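What follows is the content of run-v1.csv (CSV, C-alpha atoms).
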chain,number,residue,atom,x,y,z
A,274,MET,CA,107.8,23.6,114.8
A,275,SER,CA,111.1,24.7,113.2
A,276,LEU,CA,112.3,24.4,109.6
A,277,ASP,CA,115.9,23.4,109.0
A,278,TYR,CA,118.1,24.3,106.0
A,279,GLU,CA,121.8,23.8,105.3
A,280,LEU,CA,123.9,25.8,102.8
A,281,ARG,CA,126.9,23.6,101.9
A,282,LEU,CA,129.7,25.7,100.4
A,283,GLU,CA,132.9,24.9,98.6
A,284,THR,CA,135.3,27.6,99.6
A,285,ASN,CA,138.8,28.5,100.8
A,286,PHE,CA,137.1,30.5,103.6
A,287,ASN,CA,137.1,28.9,107.0
A,288,SER,CA,134.1,28.8,109.4
A,289,ASN,CA,135.5,31.9,111.3
A,290,ASN,CA,135.6,33.9,108.1
A,291,ILE,CA,132.0,33.0,107.3
A,292,TYR,CA,130.9,33.8,110.9
A,293,ASP,CA,132.6,37.2,110.7
A,294,ILE,CA,131.0,38.0,107.3
A,295,LEU,CA,127.5,37.2,108.7
A,296,SER,CA,127.9,38.9,112.0
A,297,ASN,CA,129.2,42.1,110.3
A,298,GLN,CA,126.6,42.2,107.5
A,299,PHE,CA,123.4,41.3,109.4
A,300,ASP,CA,121.6,42.3,112.5
A,301,LEU,CA,122.3,39.0,114.2
A,302,GLN,CA,123.1,38.5,117.9
A,303,PRO,CA,126.2,36.3,118.6
A,304,GLY,CA,125.8,33.1,120.5
A,305,GLU,CA,127.9,30.1,121.5
A,306,ASP,CA,129.6,27.7,119.1
A,307,GLN,CA,129.5,30.1,116.1
A,308,ARG,CA,125.8,30.6,116.2
A,309,LEU,CA,123.9,33.8,115.4
A,310,PHE,CA,120.3,34.7,116.2
A,311,ASN,CA,117.5,37.1,115.4
A,312,SER,CA,113.8,36.9,115.8
A,313,GLY,CA,112.8,34.2,113.4
A,314,ILE,CA,116.1,32.3,112.8
A,315,ILE,CA,119.2,30.7,114.3
A,316,ILE,CA,122.3,30.4,112.1
A,317,GLY,CA,125.3,28.1,112.7
A,318,VAL,CA,128.6,27.8,110.9
A,319,SER,CA,130.9,24.8,111.0
A,320,PRO,CA,133.5,23.0,108.9
A,321,GLU,CA,131.9,20.2,106.7
A,322,LYS,CA,132.3,16.7,108.0
A,323,PRO,CA,134.3,14.2,105.8
A,324,ALA,CA,131.4,11.8,105.5
A,325,THR,CA,129.1,14.6,104.2
A,326,GLN,CA,131.8,15.8,101.8
A,327,TYR,CA,131.9,12.4,100.2
A,328,LEU,CA,128.1,12.2,100.1
A,329,MET,CA,127.9,15.6,98.4
A,330,LEU,CA,130.7,14.8,96.0
A,331,GLU,CA,128.8,11.6,94.9
A,332,ASN,CA,125.5,13.4,94.5
A,333,TYR,CA,126.3,16.9,93.5
A,334,GLY,CA,129.8,16.7,92.1
A,335,PHE,CA,131.6,18.9,94.6
A,336,LYS,CA,133.2,18.7,98.0
A,337,PRO,CA,131.8,21.3,100.4
A,338,THR,CA,134.1,22.6,103.1
A,339,ILE,CA,131.6,24.7,105.1
A,340,ASP,CA,128.1,24.0,106.4
A,341,VAL,CA,126.0,27.0,107.2
A,342,TRP,CA,122.8,25.7,108.9
A,343,PHE,CA,119.6,27.6,109.5
A,344,ARG,CA,116.8,26.9,111.9
A,345,LEU,CA,113.7,29.0,111.1
A,346,LYS,CA,111.9,29.4,114.4
A,347,HIS,CA,108.2,29.9,115.3
A,348,GLN,CA,105.5,29.8,112.6
A,349,ASP,CA,104.6,33.5,113.3
A,350,GLU,CA,108.2,34.5,112.5
A,351,LYS,CA,108.7,32.2,109.5
A,352,ILE,CA,108.4,35.0,106.9
A,353,LEU,CA,111.2,37.0,108.6
A,354,GLY,CA,113.3,33.8,108.9
A,355,LYS,CA,112.8,32.9,105.2
A,356,GLN,CA,113.8,36.4,104.2
A,357,THR,CA,117.0,36.2,106.3
A,358,LEU,CA,117.7,32.7,104.9
A,359,LEU,CA,117.5,34.2,101.4
A,360,ASN,CA,119.6,37.2,102.2
A,361,VAL,CA,122.3,35.3,104.0
A,362,SER,CA,122.5,32.7,101.2
A,363,ILE,CA,122.7,35.3,98.4
A,364,LEU,CA,125.4,37.3,100.3
A,365,LEU,CA,127.5,34.3,100.8
A,366,LEU,CA,127.1,33.2,97.1
A,367,SER,CA,128.0,36.7,96.0
A,368,GLN,CA,131.3,36.6,98.0
A,369,ILE,CA,132.2,33.0,97.5
A,370,SER,CA,132.7,31.7,94.0
A,371,GLY,CA,132.7,27.9,94.7
A,372,ASP,CA,129.9,25.4,94.2
A,373,ALA,CA,127.0,25.4,96.7
A,374,VAL,CA,123.7,23.7,97.5
A,375,LEU,CA,121.0,24.8,99.9
A,376,LEU,CA,119.1,21.8,101.3
A,377,PHE,CA,115.8,21.6,103.2
A,378,ASN,CA,115.9,19.0,106.0
A,379,SER,CA,119.4,17.9,104.8
A,380,GLU,CA,118.0,16.4,101.6
A,381,LYS,CA,115.6,18.5,99.5
A,382,THR,CA,117.4,20.7,97.0
A,383,VAL,CA,116.2,24.3,97.4
A,384,LEU,CA,118.9,26.0,95.3
A,385,GLN,CA,122.2,25.0,93.8
A,386,ARG,CA,125.1,26.8,92.2
A,387,ILE,CA,127.2,24.4,90.2
A,388,SER,CA,129.9,25.6,87.7
A,389,GLY,CA,128.8,29.2,88.3
A,390,VAL,CA,125.1,28.6,87.4
A,391,LEU,CA,122.6,29.5,90.2
A,392,ILE,CA,119.3,27.7,90.0
A,393,PHE,CA,116.4,28.0,92.4
A,394,ASN,CA,114.2,24.9,92.6
A,395,GLN,CA,110.8,25.5,91.0
A,396,LYS,CA,109.2,22.9,93.3
A,397,PRO,CA,108.8,23.5,96.2
A,398,GLU,CA,108.7,27.2,95.7
A,399,THR,CA,110.5,28.4,98.9
A,400,TRP,CA,110.4,32.1,97.9
A,401,GLN,CA,107.8,34.0,95.9
A,402,ASP,CA,108.8,35.8,92.6
A,403,SER,CA,108.6,39.1,94.5
A,404,GLU,CA,111.2,37.9,97.0
A,405,LEU,CA,113.5,36.5,94.3
A,406,SER,CA,113.3,39.8,92.3
A,407,GLN,CA,115.5,41.3,95.0
A,408,VAL,CA,118.4,38.9,94.1
A,409,GLU,CA,121.1,40.7,92.3
A,410,LEU,CA,122.9,37.6,91.0
A,411,ASN,CA,122.0,36.0,87.7
A,412,TYR,CA,119.8,33.0,88.4
A,413,HIS,CA,117.3,30.6,86.9
A,414,VAL,CA,114.2,29.0,88.4
A,415,LYS,CA,114.0,25.4,87.2
A,416,PRO,CA,113.0,22.0,88.6
A,417,LEU,CA,116.0,20.4,90.4
A,418,LYS,CA,116.7,16.8,91.4
A,419,SER,CA,117.1,16.0,95.0
A,420,PRO,CA,119.4,13.0,94.8
A,421,LEU,CA,119.6,12.7,98.6
A,422,LEU,CA,115.8,12.0,98.6
A,423,GLY,CA,116.3,9.2,96.2
A,424,ASP,CA,115.2,11.0,93.1
A,425,PRO,CA,115.9,8.8,90.1
A,426,SER,CA,119.0,9.5,88.1
A,427,PRO,CA,118.4,11.7,85.1
A,428,LYS,CA,118.0,9.9,81.8
A,429,ILE,CA,119.6,11.3,78.6
A,430,ALA,CA,118.3,10.4,75.2
A,431,ILE,CA,121.1,9.7,72.7
A,432,GLN,CA,121.1,8.6,69.1
A,433,PRO,CA,121.2,4.8,68.5
A,434,ALA,CA,124.5,5.1,66.6
A,435,ILE,CA,126.2,6.8,69.5
A,436,TYR,CA,124.7,4.3,71.9
A,437,SER,CA,126.1,1.4,69.8
A,438,ARG,CA,129.6,3.0,69.8
A,439,LEU,CA,129.5,3.6,73.6
A,440,GLN,CA,128.4,0.1,74.2
A,441,ALA,CA,131.2,-1.4,72.1
A,442,LEU,CA,133.8,0.9,73.7
A,443,ALA,CA,132.5,0.0,77.2
A,444,ILE,CA,132.8,-3.7,76.5
A,445,SER,CA,136.3,-3.3,75.0
A,446,GLN,CA,137.4,-1.4,78.1
A,447,GLY,CA,135.8,-3.8,80.6
A,448,LYS,CA,133.5,-1.1,81.9
A,449,SER,CA,129.7,-0.8,82.3
A,450,LEU,CA,127.9,1.4,79.9
A,451,LYS,CA,126.9,3.7,82.8
A,452,GLN,CA,130.5,4.0,84.0
A,453,LEU,CA,131.9,4.7,80.6
A,454,THR,CA,129.2,7.3,79.8
A,455,ASN,CA,129.9,9.1,83.1
A,456,ASP,CA,133.7,9.0,82.4
A,457,VAL,CA,133.2,10.5,78.9
A,458,LEU,CA,130.8,13.2,80.1
A,459,LYS,CA,133.0,14.1,83.0
A,460,ALA,CA,136.1,14.4,80.8
A,461,GLY,CA,134.1,16.5,78.4
A,462,LEU,CA,132.9,18.8,81.1
A,463,ILE,CA,136.4,19.2,82.7
A,464,ASN,CA,137.9,20.1,79.3
A,465,GLU,CA,135.3,22.8,78.6
What is this structure when it is put down as structure tokens?
Amino acid sequence: MSLDYELRLETNFNSNNIYDILSNQFDLQPGEDQRLFNSGIIIGVSPEKPATQYLMLENYGFKPTIDVWFRLKHQDEKILGKQTLLNVSILLLSQISGDAVLLFNSEKTVLQRISGVLIFNQKPETWQDSELSQVELNYHVKPLKSPLLGDPSPKIAIQPAIYSRLQALAISQGKSLKQLTNDVLKAGLINE
């Protein structure tokens, strides 16, 4: 049985650039259709599909341009494959400044870098602390939502007075409270 991961990246690099970076930095054998191999893993690089870009924009707040997919092969080679997955992901994140998300089975958030903050998902623990200690980028290990799995939207506690003002403003603008709150938060984050 294989394990499938996808690193979705927002970058100005094209798939050929990413393929060249990986083939020059790692002991990977070239294959057809921008695929690379070693014992334990198959890696593919392709431009992101428009439908997936929209889905990621709605759920993670960015529009990826590149999909780097990983298929970890046989169970006995899984450890080598997981180490290569980590090394490739970190190399690309160190060379590309855009937002990124690594997903397991196209839906479970393994890591994300949004607005420059790299977070590894605390659950499931894909890598041990000893493996993550090799990462030279600043990172955090925290629980992450997996919106593509249907994780509920986060809830934010606000003071009653602020809620009342938001509610009144939403009604006066003909918006739902949720829509207005998202608009206000988004504007505040963009102006940071």
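Comparing A:Phe377, A:Tyr412, A:Tyr292, A:Tyr436 by their smallest distance to Val361 in chain A, the closest is A:Tyr292 (using only C-alpha atoms).
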Exercise for the section: Excluding Arg344 in chain A and any residue of its chain fewer than 6 positions from it, enumerate the residues within 6 Å of it, using only C-alpha atoms, and give them as a list of chain:residue names. Expected result: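 The residues that qualify are A:Leu276, A:Asp277, A:Ile314, A:Ile315.
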Output of the above residues as a CSV table (one decimal), in the frame of the given file, restricted to C-alpha atoms:
chain,number,residue,atom,x,y,z
A,276,LEU,CA,112.3,24.4,109.6
A,277,ASP,CA,115.9,23.4,109.0
A,314,ILE,CA,116.1,32.3,112.8
A,315,ILE,CA,119.2,30.7,114.3
Problem - Å distance separating CA of Ser275 in chain A from CA of Gln302 in chain A, one decimal place - result: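 Separation between CA of Ser275 in chain A and CA of Gln302 in chain A: 18.9 Å.
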Problem - Residue with smallest distance to Leu405 in chain A - pool A:Leu422, A:Ile387, A:Leu282, A:Leu359, counting all atoms listed in the file - result: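 For Leu405 in chain A, the nearest of the given residues is A:Leu359.
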Exercise for the section: Could you give me, as a ChimeraX atom specification, the residues within 12 Å of Ala373 in chain A, counting only C-alpha atoms and dropping anything in the same chain fewer than 6 positions from it? Expected result: /A:279-284,326,329-330,333-341,362-363,365-367,382-393
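CA of Val374 in chain A sits 14.6 Å away from CA of Gln395 in chain A.
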Fill in the blank from the handout: From the list A:Lys346, A:His413, A:Lys418, A:Arg438, the nearest residue to Lys381 in chain A using all atoms listed in the file is A:Lys418
Practice task
Could you tell me which of A:Leu309, A:Pro320, A:Leu442, A:Glu398 comes closest to Asn297 in chain A if we count all atoms listed in the file?
Solution key: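 Counting all atoms listed in the file, the residue closest to Asn297 in chain A is A:Leu309.
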Problem - Point-to-point distance in Å for CA of Asn332 in chain A and CA of Gly447 in chain A - result: 24.4 Å
Draw an axis-aligned box over all listed atoms of range 374-387 of chain A, pad each side with 6 Å, and write its centre and edge lengths in Å, one decimal, as lines of an AutoDock Vina configuration file.
center_x = 121.4
center_y = 21.6
center_z = 98.1
size_x = 23.6
size_y = 22.4
size_z = 27.8
